[in-house]
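Inspection log for the structure reproduced underneath, given as structure tokens.
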Amino acid sequence: MAVLTEEQTLIRDQASAWVIDKAPVSSFRALRDSESGQGFQPETFQAMVDMGWSGILVPEQYGGSDLGYLTCGLILEQLGRQLTASPFFASSLVGATALALAGNSAQQEALLPGIVDGSAIVVLALEESSRHQPEQTALQADQEGDGFALNGSKTFVAEGMAATHCIVASRTSGEPGDARGISLFLVPSDAQGITRTALPTIDSRDHAKLSFSNVHVDNSALLGTLDEGMPVLEAVLDRARIGLAAEMLGTASQAFDMTLEYLKTRQQFGKVIGSFQALGHRAAEMYSLMEQSRSCVEAALQAVDAGADNVPQLASLAKCQVGKFLFKMSNELIQIHGGIGMTDEFDAGLYLKRARILEASFGNRAYHRDRYATLMDF
Amino acid sequence: MTGEFEISVRDWVAANLPDALVNVPIGMYGVDSEDPQVVEAFELWRQRLAAQGWGAPTWPQEYGGAGLTDTQAKVISRIIAEAGSMNPIPYLAGMGVTMVGPTLLEYGTPEQKSRHLPGMASGEVRWCLGLSEPNAGSDLASLSMSAELDDEGWVLNGQKTWTSGADKSQWCGALVRTDRSAAKRDGISFLLLEMDQAGIETRPIRLIAGESPFCETFFSNARARKDDLLGELNDGWSVVKRLLQHERQSQTNAPATRSAATPVQDVAKRYLGTNPDGTLTDPDLRSRLADHLMDTAAHELTIARIMTDARGGNVEVSATASILKNSATDVAQGRSELLLEIMGNQGLGWEPGEYTQEEALAVREWLGGKSMSIYGGSYEVQKNIISKNILGLPETTQKG
């Protein structure tokens, strides 16, 4: 653990106690089994709002606390541990970051207070295919009168059904594949011409497909600079990737703890299975991966707070290294638990399913390996 | 405060580092050069560092150190490196400054400390370690070399192996069996003895990479002073455990191999070429190279995090040394394998001539690097330590 301030330690401990007490994995399981169609329990998110978490990345002038990304990451890690479902990542981190980095003061004033008090859920609508590839953005935004008309579709939009507003990556010039010609628009999700469809995903969370048919937005909906949305989008994505890596670290660490506990208690052949060297060595490997993952995540969170210039490298590093740990750990979680790990009644499956969603979100390992190589100039 | 300290170090180095030594490579045994001017400059530099207590800067002044903090010691190393040289004393003292000395500081009597530490801190006395035996490698506690007490002191009989630098050392720290009737970890003691005596014979070991610093060392009625028992009688296992922690800590930084200065991706670009978009021509290698560089970054960030945590009092560094030893090994061996693959047939030469210096060196480092996962507690032993000592899983190995 990084050397934390007193406030950060307090928030981390509060988050850890709260998720275990008020939003444990059993509560997520109950949500899933209720088949309510909701991606999260509103009272769970309200409690997070009441604790001030939704304002951690929002400047004080808009009602936030501006405590920074390390603090935000500490909370995400705890949420990841219990698979706590909420729009905290999609809106309090990604939405707030996009508005803070790209928004003008009118846009910030209009939405940041709502993000803080929970009345606005602002999410990023980016992906259009089965792969994360921001530069391939094709959703067309054509100038029309005093604004733009949006046509196309978005998919895999996290918290897309609950969202009150979407930040839509759109093509205003050039071809899919060009970095230039991408613009961001802030669109109310109930705007005329938007059709939202819930995607049934393995993690039972809120993911949506959005189709845009002549959706009209005013010029004032443009977030950032026309055609030059890519640099700021990358900055938003890097912060999202780092936050996601923190959540993934929590998910994988919990899977590690569950597995270690099982190794110490499950008996076969007259001894606890953790006494078998083949298993002890795998636990040691997972532990080493966990420690190295933590180092990458903390370094990345701290780099964002410090305004360091190597944030892109650290974002890809953290997403990739934690992705490797989570992939292996979620598989070991099932394998080491054996038959019980295969049952729906046991939580291992919930962690495995969430793991693959997290791994794919905002670029899988192959994406970030390739990006890291490019950033390192080879 | 650090600022002032840094300035004073910088001034001292500027005034005391001989010009003739700047950018001259220094190895385990000093300078390779036979130029009398360089040899003289090297000896002068050693004397000046020793007089300053900077051979082992964190040791107490009364034992030849300077009583400085780890952070201050790092500042000194950095500033000397920036000036184009290094502190050669840890090399000259063999296992003295890095391992035997720190253990002596904890377990030694005041008399032992006064007698042994100043020679290490000045680089005048080279130490080796007699730990492994032909039949006691990973299972070190099964060692059989004996020591018995007579009227004049200890009498040692047996064989040690992998005694690095034994043929060039003046003193040795040896793990010996002093009670055959006790359980195997309970009958071991740690003795300090002089190497230059009739009862000791050393024979260098040739390795897969060619010449090596390692020796087989034979003890036939060799002698140690009675008061050179380190720690309690039959408690040598505690002493050596602590000593091995110092060893792991000294190995946690990826080894400063001579070729490590060149980024491996630059070598790859040179040998394989790049596409018009700047990417390596071999996409499979590119992907694995990226993986390797990320593993390297994760290892380095972990070292940095553990150092920060240790200063904040969050963790005991020794608990994580096993993780770092294995990741340092993965990084160094992984790099060597990639370098050879990048060089292709040019990375498979044994004698120089048809191969560049860089290629020949890469091959020797690749072979030499295989030892990293064997010495100082093998890769598998480190995993045992992690699973047992850190994770609290039950003992997996046979215990004596």
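Just so we're on the same page: first chain in the structure tokens is A, next is B, and so on; residues restart at 1 for each chain, and ligands are numbered from 1 in the order they show up.
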**Asked** Among region 242-357 of chain B, which residues carry a DSSP assignment of alpha helix (DSSP H), reported as a ChimeraX atom specification?
**Response** /B:242-251,264-272,283-311,317-343,357
Take the selection from the previous step and output its residues with C-alpha atoms, as a tab-separated table (two decimals), in the first residue's frame.
```tsv
chain	number	residue	atom	x	y	z
B	242	ARG	CA	19.53	-13.66	8.67
B	243	LEU	CA	22.59	-13.75	6.43
B	244	LEU	CA	20.51	-15.13	3.55
B	245	GLN	CA	17.98	-12.36	4.02
B	246	HIS	CA	20.83	-9.91	3.52
B	247	GLU	CA	21.79	-11.89	0.43
B	248	ARG	CA	18.28	-11.78	-1.04
B	249	GLN	CA	18.09	-8.07	-0.36
B	250	SER	CA	21.38	-7.49	-2.14
B	251	GLN	CA	20.03	-9.48	-5.12
B	264	VAL	CA	16.47	-4.49	-25.52
B	265	GLN	CA	13.91	-2.94	-27.89
B	266	ASP	CA	16.70	-0.84	-29.43
B	267	VAL	CA	18.73	-3.99	-30.08
B	268	ALA	CA	15.63	-5.57	-31.64
B	269	LYS	CA	15.08	-2.60	-33.94
B	270	ARG	CA	18.71	-2.72	-35.02
B	271	TYR	CA	18.70	-6.45	-35.84
B	272	LEU	CA	15.19	-6.84	-37.23
B	283	PRO	CA	4.88	-8.77	-34.56
B	284	ASP	CA	5.18	-11.89	-32.40
B	285	LEU	CA	8.50	-10.77	-30.97
B	286	ARG	CA	7.14	-7.24	-30.55
B	287	SER	CA	4.31	-8.56	-28.43
B	288	ARG	CA	6.56	-10.68	-26.23
B	289	LEU	CA	9.02	-7.81	-25.92
B	290	ALA	CA	6.23	-5.55	-24.69
B	291	ASP	CA	5.27	-8.22	-22.15
B	292	HIS	CA	8.86	-8.41	-20.95
B	293	LEU	CA	9.18	-4.65	-20.61
B	294	MET	CA	5.94	-4.47	-18.65
B	295	ASP	CA	7.08	-7.27	-16.33
B	296	THR	CA	10.32	-5.34	-15.86
B	297	ALA	CA	8.42	-2.14	-15.07
B	298	ALA	CA	6.18	-3.99	-12.60
B	299	HIS	CA	9.25	-5.43	-10.87
B	300	GLU	CA	10.93	-2.04	-10.62
B	301	LEU	CA	7.76	-0.36	-9.35
B	302	THR	CA	7.46	-3.09	-6.72
B	303	ILE	CA	11.00	-2.40	-5.48
B	304	ALA	CA	10.14	1.30	-5.31
B	305	ARG	CA	6.87	0.63	-3.49
B	306	ILE	CA	8.43	-1.67	-0.94
B	307	MET	CA	11.17	0.86	-0.22
B	308	THR	CA	8.53	3.57	0.30
B	309	ASP	CA	6.42	1.29	2.48
B	310	ALA	CA	9.43	0.29	4.54
B	311	ARG	CA	10.20	3.95	5.24
B	317	VAL	CA	11.25	-5.66	3.76
B	318	SER	CA	12.53	-9.20	4.37
B	319	ALA	CA	9.01	-10.62	3.94
B	320	THR	CA	9.00	-9.49	0.33
B	321	ALA	CA	12.59	-10.34	-0.57
B	322	SER	CA	11.57	-13.74	-1.95
B	323	ILE	CA	9.05	-12.18	-4.34
B	324	LEU	CA	11.63	-9.72	-5.57
B	325	LYS	CA	14.36	-12.31	-5.93
B	326	ASN	CA	12.17	-14.38	-8.22
B	327	SER	CA	10.90	-11.44	-10.26
B	328	ALA	CA	14.46	-10.14	-10.64
B	329	THR	CA	15.36	-13.57	-11.96
B	330	ASP	CA	12.43	-13.64	-14.38
B	331	VAL	CA	13.33	-10.22	-15.68
B	332	ALA	CA	17.04	-10.92	-16.15
B	333	GLN	CA	16.68	-14.40	-17.63
B	334	GLY	CA	13.78	-13.28	-19.82
B	335	ARG	CA	15.87	-10.43	-21.17
B	336	SER	CA	18.78	-12.72	-21.96
B	337	GLU	CA	16.60	-15.18	-23.84
B	338	LEU	CA	15.04	-12.35	-25.85
B	339	LEU	CA	18.46	-10.89	-26.69
B	340	LEU	CA	19.66	-14.24	-28.05
B	341	GLU	CA	16.52	-14.68	-30.08
B	342	ILE	CA	16.89	-11.18	-31.49
B	343	MET	CA	20.50	-11.83	-32.49
B	357	GLN	CA	31.70	-7.96	-28.54
```
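Residues of chain A lying within 6 Å of chain B, counting only C-alpha atoms, are Gly274, Ser275, Gln277, Gly280, His281, Ala284, Ser288, Gln292, Ser295, Cys296, Arg369, Ala373 and Phe378 of chain A.
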Any chance you could export the current selection's N, CA and C atoms as a compact mmCIF listing (two decimals), in the first residue's frame?
```
# COMPACT_ATOMS: atom_id res chain seq x y z
N GLY A 274 -3.56 -27.11 0.98
CA GLY A 274 -2.48 -26.12 0.89
C GLY A 274 -1.12 -26.69 1.25
N SER A 275 -1.10 -27.90 1.82
CA SER A 275 0.20 -28.50 2.14
C SER A 275 0.81 -29.19 0.91
N GLN A 277 2.65 -29.14 -2.45
CA GLN A 277 3.55 -28.13 -3.00
C GLN A 277 3.05 -27.57 -4.34
N GLY A 280 0.77 -24.91 -3.25
CA GLY A 280 1.49 -23.86 -2.53
C GLY A 280 2.27 -22.96 -3.49
N HIS A 281 2.90 -23.58 -4.49
CA HIS A 281 3.67 -22.79 -5.44
C HIS A 281 2.77 -21.92 -6.31
N ALA A 284 1.88 -19.01 -4.31
CA ALA A 284 3.02 -18.09 -4.25
C ALA A 284 3.10 -17.26 -5.53
N SER A 288 2.72 -13.17 -5.83
CA SER A 288 3.70 -12.29 -6.47
C SER A 288 3.03 -11.42 -7.53
N GLN A 292 2.84 -7.27 -7.57
CA GLN A 292 3.30 -6.48 -8.71
C GLN A 292 2.15 -5.68 -9.32
N SER A 295 1.62 -2.59 -7.28
CA SER A 295 2.65 -1.58 -7.55
C SER A 295 2.29 -0.77 -8.79
N CYS A 296 1.82 -1.46 -9.83
CA CYS A 296 1.48 -0.76 -11.09
C CYS A 296 0.27 0.15 -10.90
N ARG A 369 -0.83 -4.15 -24.72
CA ARG A 369 0.53 -4.57 -25.08
C ARG A 369 0.96 -3.81 -26.34
N ALA A 373 3.92 -0.95 -26.56
CA ALA A 373 5.04 -1.04 -27.50
C ALA A 373 5.13 0.24 -28.34
N PHE A 378 8.54 1.11 -30.39
CA PHE A 378 9.03 -0.03 -31.21
C PHE A 378 7.87 -0.84 -31.78
```
**Surrounding residues of Arg241 (chain A) excluding itself and chain neighbours under 4 positions, 9 Å, only C-alpha atoms, as number ranges by chain** = A: 236-237, 245-246, 315-316, 318-319, 361-363
Atoms to include: N, CA and C atoms. Write the selected residues as a compact mmCIF listing (two decimals), in the first residue's frame.
```txt
# COMPACT_ATOMS: atom_id res chain seq x y z
N VAL A 236 -9.09 10.92 -20.91
CA VAL A 236 -10.20 10.39 -20.12
C VAL A 236 -10.09 8.87 -20.03
N LEU A 237 -9.79 8.24 -21.18
CA LEU A 237 -9.69 6.78 -21.21
C LEU A 237 -8.58 6.28 -20.30
N ALA A 245 -8.41 -0.57 -13.40
CA ALA A 245 -7.35 -1.46 -12.90
C ALA A 245 -7.42 -1.56 -11.38
N ALA A 246 -7.77 -0.46 -10.71
CA ALA A 246 -7.90 -0.48 -9.26
C ALA A 246 -9.06 -1.40 -8.85
N ALA A 315 -0.94 3.71 -17.59
CA ALA A 315 -2.32 3.23 -17.73
C ALA A 315 -2.32 1.88 -18.45
N SER A 316 -1.59 1.78 -19.55
CA SER A 316 -1.53 0.50 -20.27
C SER A 316 -0.84 -0.56 -19.43
N ALA A 318 -0.74 -0.76 -16.11
CA ALA A 318 -1.61 -1.20 -15.01
C ALA A 318 -2.74 -2.08 -15.54
N LYS A 319 -3.37 -1.65 -16.63
CA LYS A 319 -4.50 -2.42 -17.17
C LYS A 319 -4.03 -3.81 -17.60
N SER A 361 -12.98 -4.43 -20.91
CA SER A 361 -13.37 -3.02 -20.92
C SER A 361 -12.17 -2.10 -21.11
N PHE A 362 -12.33 -1.10 -21.92
CA PHE A 362 -11.30 -0.08 -22.17
C PHE A 362 -9.98 -0.68 -22.65
N GLY A 363 -10.06 -1.78 -23.38
CA GLY A 363 -8.87 -2.37 -23.99
C GLY A 363 -8.40 -3.60 -23.25
```
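Each of A:Leu83, A:Val25, A:Val322, A:Leu317 was compared to Leu375 (chain A) using only C-alpha atoms, and A:Leu317 turns out to be the nearest.
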**Asked** Looking only at the backbone, which of the residues in region 19-117 of chain B does DSSP tag as strand (DSSP E), as a PyMOL selection string?
**Response** chain B and resi 26-27+30-31
Could those residues be written to a file, using C-alpha atoms, as an mmCIF file, in the first residue's frame?
```cif
data_model
loop_
_atom_site.group_PDB
_atom_site.id
_atom_site.type_symbol
_atom_site.label_atom_id
_atom_site.label_comp_id
_atom_site.auth_asym_id
_atom_site.auth_seq_id
_atom_site.Cartn_x
_atom_site.Cartn_y
_atom_site.Cartn_z
ATOM 1 C CA ILE B 26 35.886 -1.608 -12.093
ATOM 2 C CA GLY B 27 35.225 -5.294 -11.484
ATOM 3 C CA GLY B 30 39.497 -3.930 -8.903
ATOM 4 C CA VAL B 31 40.619 -2.362 -12.186
#
```
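Using only C-alpha atoms, the nearest neighbour of Ser130 (chain A) within the list A:Phe156, A:Asp117, A:Ser91, A:Asp146 is A:Phe156.
The list of residues with at least one atom within 10 Å of Ser122 (chain B), based on only C-alpha atoms and without residues fewer than 6 positions apart in the same chain, reads Arg46, Gln47, Arg48, Leu49, Ala50, Ala51, Gln52, Gly53, Trp54, Gly55, Ala56, Tyr63, Gly64, Gly65, Pro88, Ile89, Pro90, Leu92, Ala93 and Val97 of chain B.
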**Message:** Using only C-alpha atoms, can you tell me which of A:Ser213, A:Gln82, A:Gln313, A:Ser220 comes closest to Met248 (chain A)?
**Reply:** A:Gln82
**Prompt:** Could you pull the residues within 12 Å of Val24 (chain B), counting only C-alpha atoms, minus those fewer than 4 positions along the same chain, as an NGL selection string?
**Reply:** :B and (17-20 or 30-35 or 37-39 or 41-42 or 81 or 83-86 or 88)
Write the residues you've just listed into a file as a JSON list (two decimals), in the first residue's frame, and include C-alpha atoms for each of them.
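Listing of result-v5.json after writing:
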```json
[["chain", "number", "residue", "atom", "x", "y", "z"],
["B", 17, "LEU", "CA", 37.97, 11.10, -7.17],
["B", 18, "PRO", "CA", 41.23, 10.81, -9.12],
["B", 19, "ASP", "CA", 40.89, 11.93, -12.76],
["B", 20, "ALA", "CA", 42.71, 8.83, -13.96],
["B", 30, "GLY", "CA", 39.50, -3.93, -8.90],
["B", 31, "VAL", "CA", 40.62, -2.36, -12.19],
["B", 32, "ASP", "CA", 41.51, -4.60, -15.12],
["B", 33, "SER", "CA", 43.97, -2.01, -16.38],
["B", 34, "GLU", "CA", 47.68, -2.55, -15.80],
["B", 35, "ASP", "CA", 48.50, 1.10, -16.41],
["B", 37, "GLN", "CA", 48.77, 5.43, -13.14],
["B", 38, "VAL", "CA", 45.32, 3.84, -13.08],
["B", 39, "VAL", "CA", 46.33, 1.21, -10.53],
["B", 41, "ALA", "CA", 44.63, 6.06, -8.68],
["B", 42, "PHE", "CA", 42.45, 3.11, -7.78],
["B", 81, "ALA", "CA", 28.18, 7.15, -10.41],
["B", 83, "ALA", "CA", 31.05, 11.45, -11.55],
["B", 84, "GLY", "CA", 31.93, 8.36, -13.61],
["B", 85, "SER", "CA", 33.05, 5.86, -10.99],
["B", 86, "MET", "CA", 31.84, 3.68, -8.13],
["B", 88, "PRO", "CA", 34.72, -0.52, -5.19]]
```
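Of the residues listed (B:Ile76, B:Ala66, B:Val22, B:Ile205), B:Ile76 shows the shortest atom-to-atom separation from Ile7 (chain B); distances use only C-alpha atoms.
The spacing separating CA of Leu326 (chain A) from CA of Gly73 (chain A) amounts to 16.6 Å.
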**Message:** Under the rule that only C-alpha atoms are counted, which of B:Val75, B:Met145, B:Leu192, B:Ala183 is the nearest residue to Glu4 (chain B)?
**Reply:** B:Val75
**Separation of CA of Leu301 (chain A) from CA of Leu70 (chain A) in Å** = 5.0 Å
